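Below is model19.cif, which holds mmCIF, C-alpha atoms.
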data_query
#
loop_
_atom_site.label_atom_id
_atom_site.label_comp_id
_atom_site.auth_asym_id
_atom_site.auth_seq_id
_atom_site.Cartn_x
_atom_site.Cartn_y
_atom_site.Cartn_z
CA MET L 23 -3.40 7.45 -14.00
CA SER L 24 -0.25 5.33 -13.90
CA ALA L 25 1.03 2.09 -12.45
CA THR L 26 4.53 0.86 -11.71
CA VAL L 27 5.52 -2.81 -11.86
CA VAL L 28 8.36 -4.26 -9.80
CA VAL L 29 9.62 -7.56 -11.18
CA GLY L 30 12.49 -9.92 -10.44
CA THR L 31 14.83 -10.49 -13.37
CA GLN L 32 16.56 -13.69 -12.23
CA TRP L 33 15.32 -16.75 -10.29
CA GLY L 34 13.92 -14.79 -7.38
CA ASP L 35 15.48 -13.66 -4.10
CA GLU L 36 16.78 -10.50 -5.76
CA GLY L 37 15.59 -8.27 -2.94
CA LYS L 38 12.29 -7.16 -4.49
CA GLY L 39 10.67 -6.72 -1.09
CA LYS L 40 13.10 -4.03 0.01
CA PHE L 41 12.77 -2.01 -3.18
CA THR L 42 9.02 -2.47 -3.32
CA ASP L 43 8.83 -1.19 0.23
CA LEU L 44 11.03 1.77 -0.71
CA ILE L 45 9.00 2.70 -3.79
CA ALA L 46 5.73 2.18 -1.91
CA ALA L 47 6.38 5.40 0.00
CA GLU L 48 5.29 7.25 -3.17
CA MET L 49 2.22 5.09 -3.78
CA SER L 50 -1.35 4.97 -2.54
CA MET L 51 -1.80 1.24 -3.22
CA VAL L 52 0.48 -1.79 -3.51
CA VAL L 53 -0.95 -4.83 -5.30
CA ARG L 54 0.46 -8.36 -5.24
CA TYR L 55 -0.55 -9.84 -8.60
CA GLN L 56 0.51 -13.52 -8.63
CA GLY L 57 2.09 -16.37 -6.68
CA GLY L 58 1.34 -17.62 -3.21
CA HIS L 59 3.09 -18.05 0.10
CA ASN L 60 6.00 -19.79 -1.62
CA ALA L 61 7.57 -16.38 -2.18
CA GLY L 62 8.95 -14.80 0.96
CA HIS L 63 10.69 -11.47 1.27
CA THR L 64 12.36 -9.76 4.19
CA LEU L 65 12.18 -6.05 4.94
CA VAL L 66 14.55 -4.35 7.39
CA VAL L 67 13.16 -1.14 8.89
CA ASN L 68 15.04 0.69 11.65
CA GLY L 69 16.99 -2.49 12.31
CA GLU L 70 13.82 -4.57 12.66
CA SER L 71 13.17 -7.42 10.20
CA PHE L 72 9.76 -8.31 8.81
CA ALA L 73 9.42 -11.58 6.87
CA LEU L 74 6.36 -11.47 4.61
CA GLN L 75 4.93 -14.15 2.36
CA LEU L 76 1.54 -12.98 1.09
CA ILE L 77 0.89 -9.46 2.32
CA PRO L 78 2.24 -6.74 -0.01
CA SER L 79 5.27 -4.79 1.20
CA GLY L 80 3.33 -1.53 1.37
CA VAL L 81 1.58 -2.68 4.54
CA LEU L 82 4.33 -0.97 6.55
CA TYR L 83 3.12 2.46 5.38
CA PRO L 84 -0.06 3.81 7.04
CA HIS L 85 -1.08 5.70 3.87
CA VAL L 86 -0.86 2.65 1.57
CA LEU L 87 -3.70 0.25 0.85
CA PRO L 88 -2.14 -3.24 0.48
CA LEU L 89 -4.15 -5.49 -1.83
CA ILE L 90 -3.81 -9.18 -2.72
CA GLY L 91 -4.97 -9.42 -6.33
CA ASN L 92 -7.05 -11.99 -8.15
CA GLY L 93 -3.97 -13.65 -9.65
CA VAL L 94 -2.72 -14.82 -6.25
CA VAL L 95 -3.50 -18.20 -4.67
CA VAL L 96 -4.22 -17.76 -0.98
CA ASP L 97 -3.96 -20.11 1.97
CA PRO L 98 -6.21 -18.27 4.45
CA ARG L 99 -4.53 -19.92 7.42
CA VAL L 100 -1.14 -18.58 6.36
CA LEU L 101 -2.59 -15.16 5.62
CA LEU L 102 -4.20 -14.91 9.06
CA THR L 103 -0.96 -16.00 10.74
CA GLU L 104 0.92 -13.30 8.87
CA MET L 105 -1.69 -10.70 9.80
CA ASP L 106 -1.43 -11.72 13.46
CA MET L 107 2.36 -11.40 13.33
CA LEU L 108 2.18 -7.88 11.93
CA ASN L 109 -0.55 -6.78 14.34
CA SER L 110 1.43 -8.11 17.30
CA ARG L 111 4.39 -5.98 16.22
CA GLY L 112 2.39 -2.79 15.91
CA VAL L 113 1.72 -2.90 12.15
CA SER L 114 -2.01 -2.61 11.45
CA THR L 115 -3.54 -4.87 8.81
CA ASP L 116 -6.95 -3.21 8.95
CA ARG L 117 -6.37 -1.70 5.49
CA LEU L 118 -5.51 -5.04 3.86
CA ARG L 119 -7.86 -6.14 1.10
CA VAL L 120 -8.03 -9.50 -0.67
CA SER L 121 -9.60 -10.02 -4.07
CA GLY L 122 -12.73 -12.12 -3.94
CA ASN L 123 -11.57 -13.69 -7.21
CA ALA L 124 -8.27 -14.95 -5.82
CA HIS L 125 -8.18 -18.73 -5.53
CA LEU L 126 -7.88 -20.68 -2.31
CA ILE L 127 -5.19 -23.17 -1.43
CA LEU L 128 -6.81 -26.10 0.35
CA PRO L 129 -5.27 -28.96 2.38
CA TYR L 130 -5.49 -31.43 -0.48
CA HIS L 131 -3.43 -29.09 -2.68
CA GLN L 132 -0.53 -29.32 -0.26
CA GLU L 133 -0.76 -33.07 0.08
CA LEU L 134 -0.88 -33.52 -3.69
CA ASP L 135 2.04 -31.14 -4.14
CA ALA L 136 4.25 -33.19 -1.83
CA LEU L 137 3.14 -36.51 -3.34
CA HIS L 138 3.73 -35.39 -6.93
CA GLU L 139 7.19 -34.07 -6.04
CA ARG L 140 8.10 -37.34 -4.31
CA HIS L 141 6.79 -39.31 -7.30
CA LEU L 142 9.12 -37.37 -9.65
CA GLY L 143 12.14 -38.64 -7.71
CA LYS L 144 15.42 -37.44 -9.22
CA ASN L 145 13.43 -35.38 -11.75
CA LYS L 146 11.73 -33.34 -9.01
CA ILE L 147 11.17 -29.65 -9.70
CA GLY L 148 12.09 -28.34 -6.26
CA THR L 149 8.65 -27.07 -5.28
CA THR L 150 8.14 -25.68 -1.79
CA LYS L 151 5.25 -28.16 -1.34
CA ARG L 152 2.93 -25.33 -0.29
CA GLY L 153 0.16 -26.37 -2.68
CA ILE L 154 0.73 -23.52 -5.14
CA GLY L 155 0.91 -25.61 -8.33
CA PRO L 156 -2.13 -27.81 -7.59
CA ALA L 157 -4.18 -24.72 -6.68
CA TYR L 158 -3.33 -23.09 -10.01
CA ALA L 159 -4.07 -26.39 -11.77
CA ASP L 160 -7.53 -26.47 -10.21
CA ARG L 161 -8.07 -22.88 -11.33
CA ALA L 162 -7.18 -23.82 -14.92
CA MET L 163 -9.45 -26.89 -14.77
CA ARG L 164 -12.24 -24.68 -13.37
CA VAL L 165 -12.72 -26.76 -10.22
CA GLY L 166 -11.03 -24.32 -7.83
CA LEU L 167 -12.59 -22.50 -4.89
CA ARG L 168 -12.20 -18.73 -4.66
CA VAL L 169 -11.85 -16.38 -1.70
CA GLN L 170 -15.39 -15.10 -2.31
CA ASP L 171 -16.71 -18.64 -1.72
CA LEU L 172 -15.83 -18.20 1.95
CA LEU L 173 -18.79 -15.82 2.12
CA ASP L 174 -21.37 -18.40 0.98
CA GLU L 175 -21.45 -21.70 2.88
CA ASP L 176 -23.69 -23.49 0.38
CA ILE L 177 -21.52 -22.63 -2.61
CA PHE L 178 -18.35 -23.47 -0.68
CA GLU L 179 -19.71 -26.91 0.27
CA LYS L 180 -20.90 -27.73 -3.25
CA LYS L 181 -17.62 -26.72 -4.85
CA LEU L 182 -15.57 -28.49 -2.20
CA ASN L 183 -17.47 -31.76 -2.60
CA ALA L 184 -17.08 -31.61 -6.38
CA ALA L 185 -13.32 -31.03 -6.08
CA LEU L 186 -12.86 -33.74 -3.47
CA GLU L 187 -14.69 -36.28 -5.60
CA HIS L 188 -11.83 -36.02 -8.07
CA HIS L 189 -8.90 -35.42 -5.72
CA ASN L 190 -9.82 -38.18 -3.27
CA MET L 191 -9.90 -40.62 -6.16
CA VAL L 192 -6.32 -39.65 -6.99
CA LEU L 193 -5.21 -39.75 -3.35
CA THR L 194 -6.72 -43.17 -2.65
CA ARG L 195 -6.22 -44.99 -5.95
CA VAL L 196 -2.96 -43.52 -7.20
CA PHE L 197 -1.09 -42.69 -3.99
CA ASN L 198 -2.79 -45.15 -1.61
CA ARG L 199 -3.68 -42.38 0.84
CA LEU L 200 -6.72 -41.85 3.01
CA PRO L 201 -9.44 -39.61 1.57
CA ILE L 202 -9.74 -36.05 2.86
CA GLU L 203 -12.96 -35.25 4.67
CA ALA L 204 -14.93 -32.20 3.56
CA SER L 205 -16.24 -31.57 7.06
CA LYS L 206 -12.77 -30.89 8.49
CA ILE L 207 -11.99 -28.35 5.78
CA MET L 208 -15.35 -26.64 6.22
CA ASP L 209 -14.89 -26.39 9.98
CA GLU L 210 -11.50 -24.75 9.56
CA TYR L 211 -12.11 -22.56 6.51
CA LEU L 212 -15.72 -21.52 7.15
CA GLY L 213 -15.77 -21.74 10.93
CA GLU L 214 -12.39 -20.21 11.74
CA CYS L 215 -11.01 -18.36 8.70
CA ALA L 216 -14.08 -16.88 7.00
CA PRO L 217 -15.32 -14.69 9.89
CA ARG L 218 -11.89 -13.08 10.28
CA LEU L 219 -11.24 -12.59 6.57
CA ALA L 220 -14.72 -11.38 5.59
CA PRO L 221 -14.02 -7.67 6.34
CA HIS L 222 -10.97 -7.80 4.07
CA ILE L 223 -12.56 -9.46 1.01
CA ALA L 224 -13.21 -6.93 -1.73
CA ASP L 225 -13.84 -6.12 -5.39
CA SER L 226 -10.17 -5.61 -6.19
CA VAL L 227 -10.64 -4.44 -9.78
CA SER L 228 -12.89 -1.58 -8.69
CA LEU L 229 -10.47 -0.59 -5.92
CA ILE L 230 -7.50 -0.46 -8.28
CA HIS L 231 -9.30 1.51 -10.97
CA GLU L 232 -10.68 3.99 -8.46
CA GLU L 233 -7.09 4.77 -7.49
CA LEU L 234 -5.95 5.07 -11.11
CA GLU L 235 -8.92 7.21 -12.13
CA ALA L 236 -8.25 9.53 -9.19
CA GLY L 237 -4.74 10.11 -10.55
CA ARG L 238 -3.01 8.27 -7.73
CA GLN L 239 -0.01 5.96 -8.05
CA VAL L 240 -0.40 2.17 -7.91
CA LEU L 241 2.47 -0.26 -7.44
CA LEU L 242 2.13 -3.80 -8.81
CA GLU L 243 4.33 -6.30 -7.00
CA GLY L 244 5.30 -9.63 -8.53
CA ALA L 245 6.49 -12.68 -6.63
CA GLN L 246 9.23 -15.07 -7.80
CA ALA L 247 10.91 -13.78 -10.97
CA THR L 248 11.31 -13.82 -14.73
CA PHE L 249 13.13 -17.15 -15.03
CA LEU L 250 10.50 -18.86 -12.88
CA ASP L 251 7.75 -17.66 -15.23
CA LEU L 252 5.50 -20.48 -16.44
CA ASP L 253 5.95 -19.49 -20.10
CA HIS L 254 9.31 -17.73 -20.24
CA GLY L 255 11.27 -19.35 -17.43
CA THR L 256 13.50 -22.44 -17.41
CA TYR L 257 10.56 -24.81 -17.82
CA PRO L 258 9.66 -27.17 -16.15
CA PHE L 259 11.69 -25.79 -13.24
CA VAL L 260 9.37 -22.84 -12.86
CA THR L 261 6.44 -21.61 -10.81
CA SER L 262 2.78 -22.03 -11.80
CA SER L 263 1.99 -18.45 -12.75
CA ASN L 264 3.40 -15.49 -14.69
CA PRO L 265 5.70 -13.28 -12.57
CA ILE L 266 6.78 -11.22 -15.60
CA ALA L 267 5.54 -7.64 -15.85
CA GLY L 268 2.85 -8.60 -18.34
CA GLY L 269 1.35 -10.92 -15.72
CA ALA L 270 0.38 -7.85 -13.70
CA CYS L 271 -2.44 -7.11 -16.14
CA PRO L 272 -4.54 -10.29 -15.72
CA GLY L 273 -3.31 -10.74 -12.13
CA ALA L 274 -4.60 -7.35 -11.04
CA GLY L 275 -7.30 -6.59 -13.60
CA ILE L 276 -5.81 -3.65 -15.49
CA GLY L 277 -4.86 -3.02 -19.11
CA PRO L 278 -1.29 -2.40 -20.33
CA ARG L 279 -1.84 1.28 -21.08
CA HIS L 280 -1.98 1.98 -17.35
CA ILE L 281 1.60 0.76 -16.83
CA ASP L 282 4.25 3.40 -17.50
CA ARG L 283 7.19 2.17 -15.42
CA VAL L 284 8.71 -1.30 -15.08
CA ILE L 285 11.53 -1.70 -12.57
CA GLY L 286 13.61 -4.85 -12.88
CA ILE L 287 15.35 -6.01 -9.71
CA ALA L 288 18.66 -7.80 -10.21
CA LYS L 289 21.11 -9.01 -7.61
CA ALA L 290 24.78 -8.15 -8.25
CA TYR L 291 25.23 -11.91 -8.58
CA VAL L 292 22.67 -14.70 -9.15
CA THR L 293 21.13 -17.33 -6.89
CA ARG L 294 18.67 -20.10 -7.48
CA VAL L 295 16.64 -22.42 -5.23
CA GLY L 296 15.62 -25.87 -6.42
CA ALA L 297 16.51 -27.78 -9.55
CA GLY L 298 17.09 -26.49 -13.07
CA PRO L 299 19.85 -25.17 -15.35
CA PHE L 300 22.21 -22.51 -14.01
CA PRO L 301 25.08 -21.68 -16.42
CA THR L 302 27.10 -19.46 -14.03
CA GLU L 303 26.65 -21.61 -10.91
CA LEU L 304 29.67 -21.69 -8.60
CA PHE L 305 30.75 -24.78 -6.65
CA ASP L 306 33.94 -23.29 -5.19
CA ASP L 307 35.01 -21.10 -2.28
CA THR L 308 33.72 -18.00 -4.05
CA GLY L 309 30.26 -19.54 -4.20
CA ASP L 310 30.41 -20.33 -0.48
CA PHE L 311 31.54 -16.75 0.15
CA LEU L 312 28.54 -15.32 -1.70
CA VAL L 313 26.16 -17.56 0.26
CA ASP L 314 27.72 -16.74 3.62
CA VAL L 315 28.16 -12.99 3.18
CA GLY L 316 24.90 -12.56 1.29
CA HIS L 317 22.96 -14.72 3.78
CA GLU L 318 21.58 -16.73 0.90
CA TYR L 319 19.07 -18.94 2.65
CA GLY L 320 15.35 -19.02 1.84
CA THR L 321 13.05 -16.73 3.86
CA ASN L 322 10.36 -19.42 3.88
CA THR L 323 12.23 -22.70 3.64
CA GLY L 324 15.69 -21.97 5.04
CA ARG L 325 17.15 -23.80 2.04
CA ARG L 326 20.66 -22.85 0.92
CA ARG L 327 20.51 -21.02 -2.39
CA ARG L 328 22.69 -22.00 -5.31
CA PRO L 329 25.13 -19.12 -6.06
CA GLY L 330 26.66 -17.88 -9.30
CA TRP L 331 28.12 -14.85 -11.08
CA LEU L 332 25.88 -12.23 -12.68
CA ASP L 333 24.51 -13.46 -16.02
CA LEU L 334 23.95 -10.69 -18.57
CA VAL L 335 22.50 -13.12 -21.12
CA MET L 336 19.67 -13.70 -18.66
CA LEU L 337 19.38 -10.01 -17.90
CA ARG L 338 19.09 -9.05 -21.57
CA PHE L 339 16.26 -11.55 -21.97
CA ALA L 340 14.54 -10.26 -18.82
CA SER L 341 14.76 -6.73 -20.20
CA ARG L 342 13.02 -7.84 -23.38
CA VAL L 343 10.15 -9.85 -21.95
CA ASN L 344 9.42 -7.30 -19.21
CA SER L 345 9.97 -4.11 -21.24
CA LEU L 346 12.15 -2.82 -18.41
CA SER L 347 12.37 0.94 -18.04
CA GLU L 348 15.06 0.75 -15.35
CA LEU L 349 17.13 -1.60 -13.23
CA ALA L 350 17.68 -1.74 -9.48
CA ILE L 351 20.83 -3.61 -8.45
CA THR L 352 20.86 -5.18 -5.00
CA LYS L 353 23.56 -6.52 -2.68
CA LEU L 354 26.45 -4.73 -4.34
CA ASP L 355 28.11 -4.64 -0.91
CA VAL L 356 28.47 -8.45 -0.89
CA PHE L 357 31.42 -7.94 -3.28
CA ASP L 358 33.28 -5.62 -0.88
CA GLN L 359 36.01 -8.14 -0.04
CA LEU L 360 36.53 -9.70 -3.47
CA GLU L 361 39.70 -9.08 -5.48
CA THR L 362 38.09 -10.07 -8.78
CA ILE L 363 34.49 -9.99 -9.98
CA LYS L 364 33.28 -11.94 -12.99
CA VAL L 365 30.31 -11.21 -15.26
CA CYS L 366 28.90 -13.59 -17.85
CA VAL L 367 28.60 -11.73 -21.16
CA ALA L 368 27.73 -14.66 -23.44
CA TYR L 369 27.41 -18.46 -23.61
CA ASP L 370 29.50 -20.93 -25.52
CA VAL L 371 27.32 -23.77 -26.80
CA ASP L 372 29.17 -26.39 -28.84
CA GLY L 373 31.66 -23.77 -30.02
CA GLU L 374 29.04 -21.17 -30.95
CA ARG L 375 28.75 -17.85 -29.09
CA HIS L 376 25.29 -16.86 -27.84
CA GLU L 377 24.70 -13.35 -26.54
CA GLN L 378 20.95 -13.88 -26.40
CA LEU L 379 19.26 -16.66 -24.45
CA PRO L 380 18.97 -19.89 -26.48
CA TYR L 381 15.31 -20.77 -26.91
CA HIS L 382 15.92 -24.53 -26.80
CA GLN L 383 16.40 -26.05 -23.36
CA SER L 384 19.00 -28.56 -24.58
CA LEU L 385 21.27 -25.70 -25.63
CA LEU L 386 20.85 -23.95 -22.30
CA HIS L 387 21.79 -27.12 -20.42
CA ARG L 388 25.04 -27.31 -22.46
CA ALA L 389 25.87 -23.61 -22.15
CA THR L 390 29.27 -22.62 -20.79
CA PRO L 391 29.58 -19.03 -19.56
CA ILE L 392 31.99 -16.60 -21.24
CA TYR L 393 33.20 -14.21 -18.57
CA GLN L 394 34.61 -10.71 -18.42
CA GLU L 395 36.59 -9.92 -15.27
CA PHE L 396 36.63 -6.71 -13.25
CA PRO L 397 38.81 -5.67 -10.31
CA GLY L 398 37.06 -5.49 -6.96
CA TRP L 399 37.04 -2.37 -4.79
CA GLN L 400 38.00 -4.14 -1.55
CA CYS L 401 36.49 -1.55 0.77
CA ASP L 402 33.29 -1.19 2.78
CA ILE L 403 30.54 0.59 0.80
CA THR L 404 27.68 -0.05 3.25
CA GLY L 405 27.92 3.46 4.71
CA ILE L 406 27.92 5.28 1.38
CA THR L 407 24.94 7.59 0.86
CA GLU L 408 25.86 9.30 -2.42
CA ARG L 409 26.68 7.77 -5.78
CA SER L 410 29.67 10.06 -6.12
CA ASP L 411 31.29 8.29 -3.16
CA LEU L 412 31.27 4.86 -4.82
CA PRO L 413 34.71 3.42 -5.61
CA ALA L 414 35.68 3.78 -9.26
CA GLU L 415 35.73 -0.02 -9.62
CA ALA L 416 32.10 -0.24 -8.51
CA GLU L 417 31.09 2.51 -10.94
CA THR L 418 32.84 0.66 -13.76
CA TYR L 419 30.99 -2.55 -12.88
CA LEU L 420 27.60 -0.81 -12.86
CA ALA L 421 28.27 1.13 -16.07
CA PHE L 422 29.15 -2.13 -17.82
CA ILE L 423 25.82 -3.65 -16.80
CA GLU L 424 23.94 -0.62 -18.16
CA GLU L 425 25.84 -0.74 -21.44
CA GLN L 426 25.39 -4.48 -21.95
CA VAL L 427 21.68 -4.61 -21.06
CA GLY L 428 20.68 -1.26 -22.55
CA VAL L 429 18.65 -0.26 -19.51
CA PRO L 430 19.59 2.51 -17.04
CA ILE L 431 20.24 1.70 -13.40
CA GLY L 432 17.98 3.77 -11.15
CA MET L 433 18.86 2.39 -7.71
CA VAL L 434 21.64 0.38 -6.08
CA GLY L 435 21.45 -1.43 -2.76
CA VAL L 436 24.55 -1.24 -0.56
CA GLY L 437 23.16 -2.96 2.56
CA PRO L 438 20.03 -4.62 3.96
CA GLY L 439 18.47 -1.53 5.54
CA ARG L 440 15.62 0.46 4.00
CA GLN L 441 17.84 3.54 3.61
CA GLN L 442 20.94 1.73 2.33
CA VAL L 443 20.07 2.58 -1.27
CA LEU L 444 21.80 4.90 -3.73
CA HIS L 445 19.54 6.70 -6.20
CA PHE L 446 20.94 7.19 -9.68
CA SER L 447 19.65 9.96 -11.94
CA SER L 448 18.13 8.68 -15.16
#

Can the structure in the file be given as structure tokens, please?
Amino acid sequence: MSATVVVGTQWGDEGKGKFTDLIAAEMSMVVRYQGGHNAGHTLVVNGESFALQLIPSGVLYPHVLPLIGNGVVVDPRVLLTEMDMLNSRGVSTDRLRVSGNAHLILPYHQELDALHERHLGKNKIGTTKRGIGPAYADRAMRVGLRVQDLLDEDIFEKKLNAALEHHNMVLTRVFNRLPIEASKIMDEYLGECAPRLAPHIADSVSLIHEELEAGRQVLLEGAQATFLDLDHGTYPFVTSSNPIAGGACPGAGIGPRHIDRVIGIAKAYVTRVGAGPFPTELFDDTGDFLVDVGHEYGTNTGRRRRPGWLDLVMLRFASRVNSLSELAITKLDVFDQLETIKVCVAYDVDGERHEQLPYHQSLLHRATPIYQEFPGWQCDITGITERSDLPAEAETYLAFIEEQVGVPIGMVGVGPGRQQVLHFSS
């Protein structure tokens, strides 16, 4: 009766998908517990890449039941497209289940998302404009439609009309847009999506607890990452849900006593997409190198990610708020050609040293990183299969991270492939 949580410790894009896929081999169920299709991840299996947005990574294993939990917001059109892609490539989605309590993203959510972002102008958040935030807002205001509503046309129509009464007023009077017609949404969602999704809609809480009560292993997969968390991230430049490990409980419908392992995924450096503070951000040739060698472009959007050195102030905070039991470091091989590697160990804010994350946003915006430098190994580590074969410089770098964060490193990624992972003994 135990569950494992995999959580990003930075601003996302740490490589959670690869490690979730790797750990899923030991699991009977993989549950996505929050976010929407704004969080893409790429898996490389036998040289073949799979870009997923909504479906949990465990779908690639025939013995795993992939489940989209109640904490996720779902665009059924995107989900069906993703299912079709997997099916066409020989990966069955018959086992996929979607919580009936998950909320739906509807066309007006996406339109409102884009309009609000445009209205913010230079203060824009950097949203993907996929309708995630407005869908979560409707959920909080109790005017949202849920996946289970696809199974009852009368309820769907009543809820949709009630929501459109409000949203069309905003669209027409505030943004001078045409109103959205309920009939078009009903034709698409009830006529096209509902019949195909109906076999996959389930009581997710019962499914999860049946696995736990049978003594099987459940993996809880978060989207985005710690510093995009609605409460603990760099607000307001955050997502609209709680990616931290604690968010797995309401997002999946389990209590904290079921969770006995929390794996924090951290890239060997840091990247960020969209606006917001970034103390270790690089604007030089080294930053360009990290982007080019690390292929730092969004899976969903194609946007260039903002690069920077590893930030241990952030990582210490992530360890605290997630109760990390271990770390997995990704993309260590991106450093193979570098002569010098820097790590941020503290911030200087107005002459004062901060080793823990300042709680006040004004201090974070003024933070200057204090670095410690390490020599690079300047050799190719992508073919290494044993920890003992790592260059001494790489071992020193990893040991320093463990010492500074106080959390053991359990796995290290040395390439994009599923098997390019070194396992460290605890």

(request) Considering all atoms listed in the file, state which residue in the set L:Glu408, L:Glu235, L:Glu133, L:Glu424 is at the smallest distance from L:Leu200. (result) L:Glu133

(request) Tell me which residues the PyMOL selection byres ((chain L and resi 85) around 12) grabs here, as an NGL selection string. (result) :L and (46-52 or 80-84 or 86-88 or 114-118 or 239)

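Of the residues listed (L:Thr248, L:Ser226, L:Thr261, L:Gln32), L:Gln32 shows the shortest atom-to-atom separation from L:Pro329; distances use all atoms listed in the file.
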
(request) Carefully work through the PyMOL selection byres ((chain L and resi 172) around 8) for this structure and note down the residues it includes, as an MDAnalysis selection string. (result) chainID L and resid 168:171 173:175 178 211:212 216 220

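Counting from atom CA of L:Tyr393, the distance to atom CA of L:Tyr257 is 25.0 Å.
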
(message) Which residues would end up in the selection if the PyMOL selection byres ((chain L and resi 370) around 9) were applied here, given that I need the answer as a ChimeraX atom specification?
(response) /L:368-369,371-376,388-392

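Minimum distance to L:Tyr319 across L:Leu337, L:Asp358, L:Thr64, L:Phe41 (counting only C-alpha atoms) occurs at L:Thr64.
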
(message) So that I can see what lies close to stretch 439-444 of chain L, please list as a PyMOL selection string the residues with an atom at most 10 Å from it, counting all atoms listed in the file and leaving out residues fewer than 5 positions away in the same chain.
(response) chain L and resi 40-41+43-44+65-71+350-353+403-410+412+432-434

(request) Do a neighbour search on L:Lys364 at 10 Å with all atoms listed in the file, toss out local chain neighbours closer than 6 positions, and write the hits as JSON, numbers by chain. (result) {"L": [291, 302, 330, 331, 332, 333, 392, 393, 394, 395, 396, 397, 398, 419]}

Selected residues written out, C-alpha atoms, as a compact mmCIF listing (two decimals), in the frame of the given file:
# COMPACT_ATOMS: atom_id res chain seq x y z
CA TYR L 291 25.23 -11.91 -8.58
CA THR L 302 27.10 -19.46 -14.03
CA GLY L 330 26.66 -17.88 -9.30
CA TRP L 331 28.12 -14.85 -11.08
CA LEU L 332 25.88 -12.23 -12.68
CA ASP L 333 24.51 -13.46 -16.02
CA ILE L 392 31.99 -16.60 -21.24
CA TYR L 393 33.20 -14.21 -18.57
CA GLN L 394 34.61 -10.71 -18.42
CA GLU L 395 36.59 -9.92 -15.27
CA PHE L 396 36.63 -6.71 -13.25
CA PRO L 397 38.81 -5.67 -10.31
CA GLY L 398 37.06 -5.49 -6.96
CA TYR L 419 30.99 -2.55 -12.88

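Atom CA of L:Pro299 is found 9.9 Å from atom CA of L:Ser384.
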
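Excluding L:Ser205 and any residue on its chain fewer than 5 positions from it, the residues at most 10 Å away by only C-alpha atoms are Glu179, Leu182, Asn183, Glu210 and Tyr211 of chain L.
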
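The coordinates place atom CA of L:Thr256 at 28.0 Å from atom CA of L:Ala25.
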
(request) Pick out the closest residue to L:Pro265 from this set: L:Asp307, L:Arg161, L:Ile90, L:Asn344. Count only C-alpha atoms. (result) L:Asn344

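Residue nearest L:Val94 within the list L:Leu360, L:Ala159, L:Leu186, L:Ala245: L:Ala245 [criterion: smallest interatomic distance, only C-alpha atoms].
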
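Minimum atom-to-atom distances from L:Val260, L:Met208, L:Ala274, L:Val429 to L:Val240 were compared using only C-alpha atoms, and the lowest value belongs to L:Ala274.
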
(request) Find the residues near L:Leu252: any atom within 12 Å, counting all atoms listed in the file, skip ones fewer than 6 places away on the same chain, and give them as an MDAnalysis selection string. (result) chainID L and resid 56:57 155 158 246 258:266 269

(request) Show which residues sit within 7 Å of L:Leu312, as number ranges by chain. Count all atoms listed in the file, and ignore same-chain residues fewer than 3 positions away. (result) L: 308-309, 315-316, 329, 356
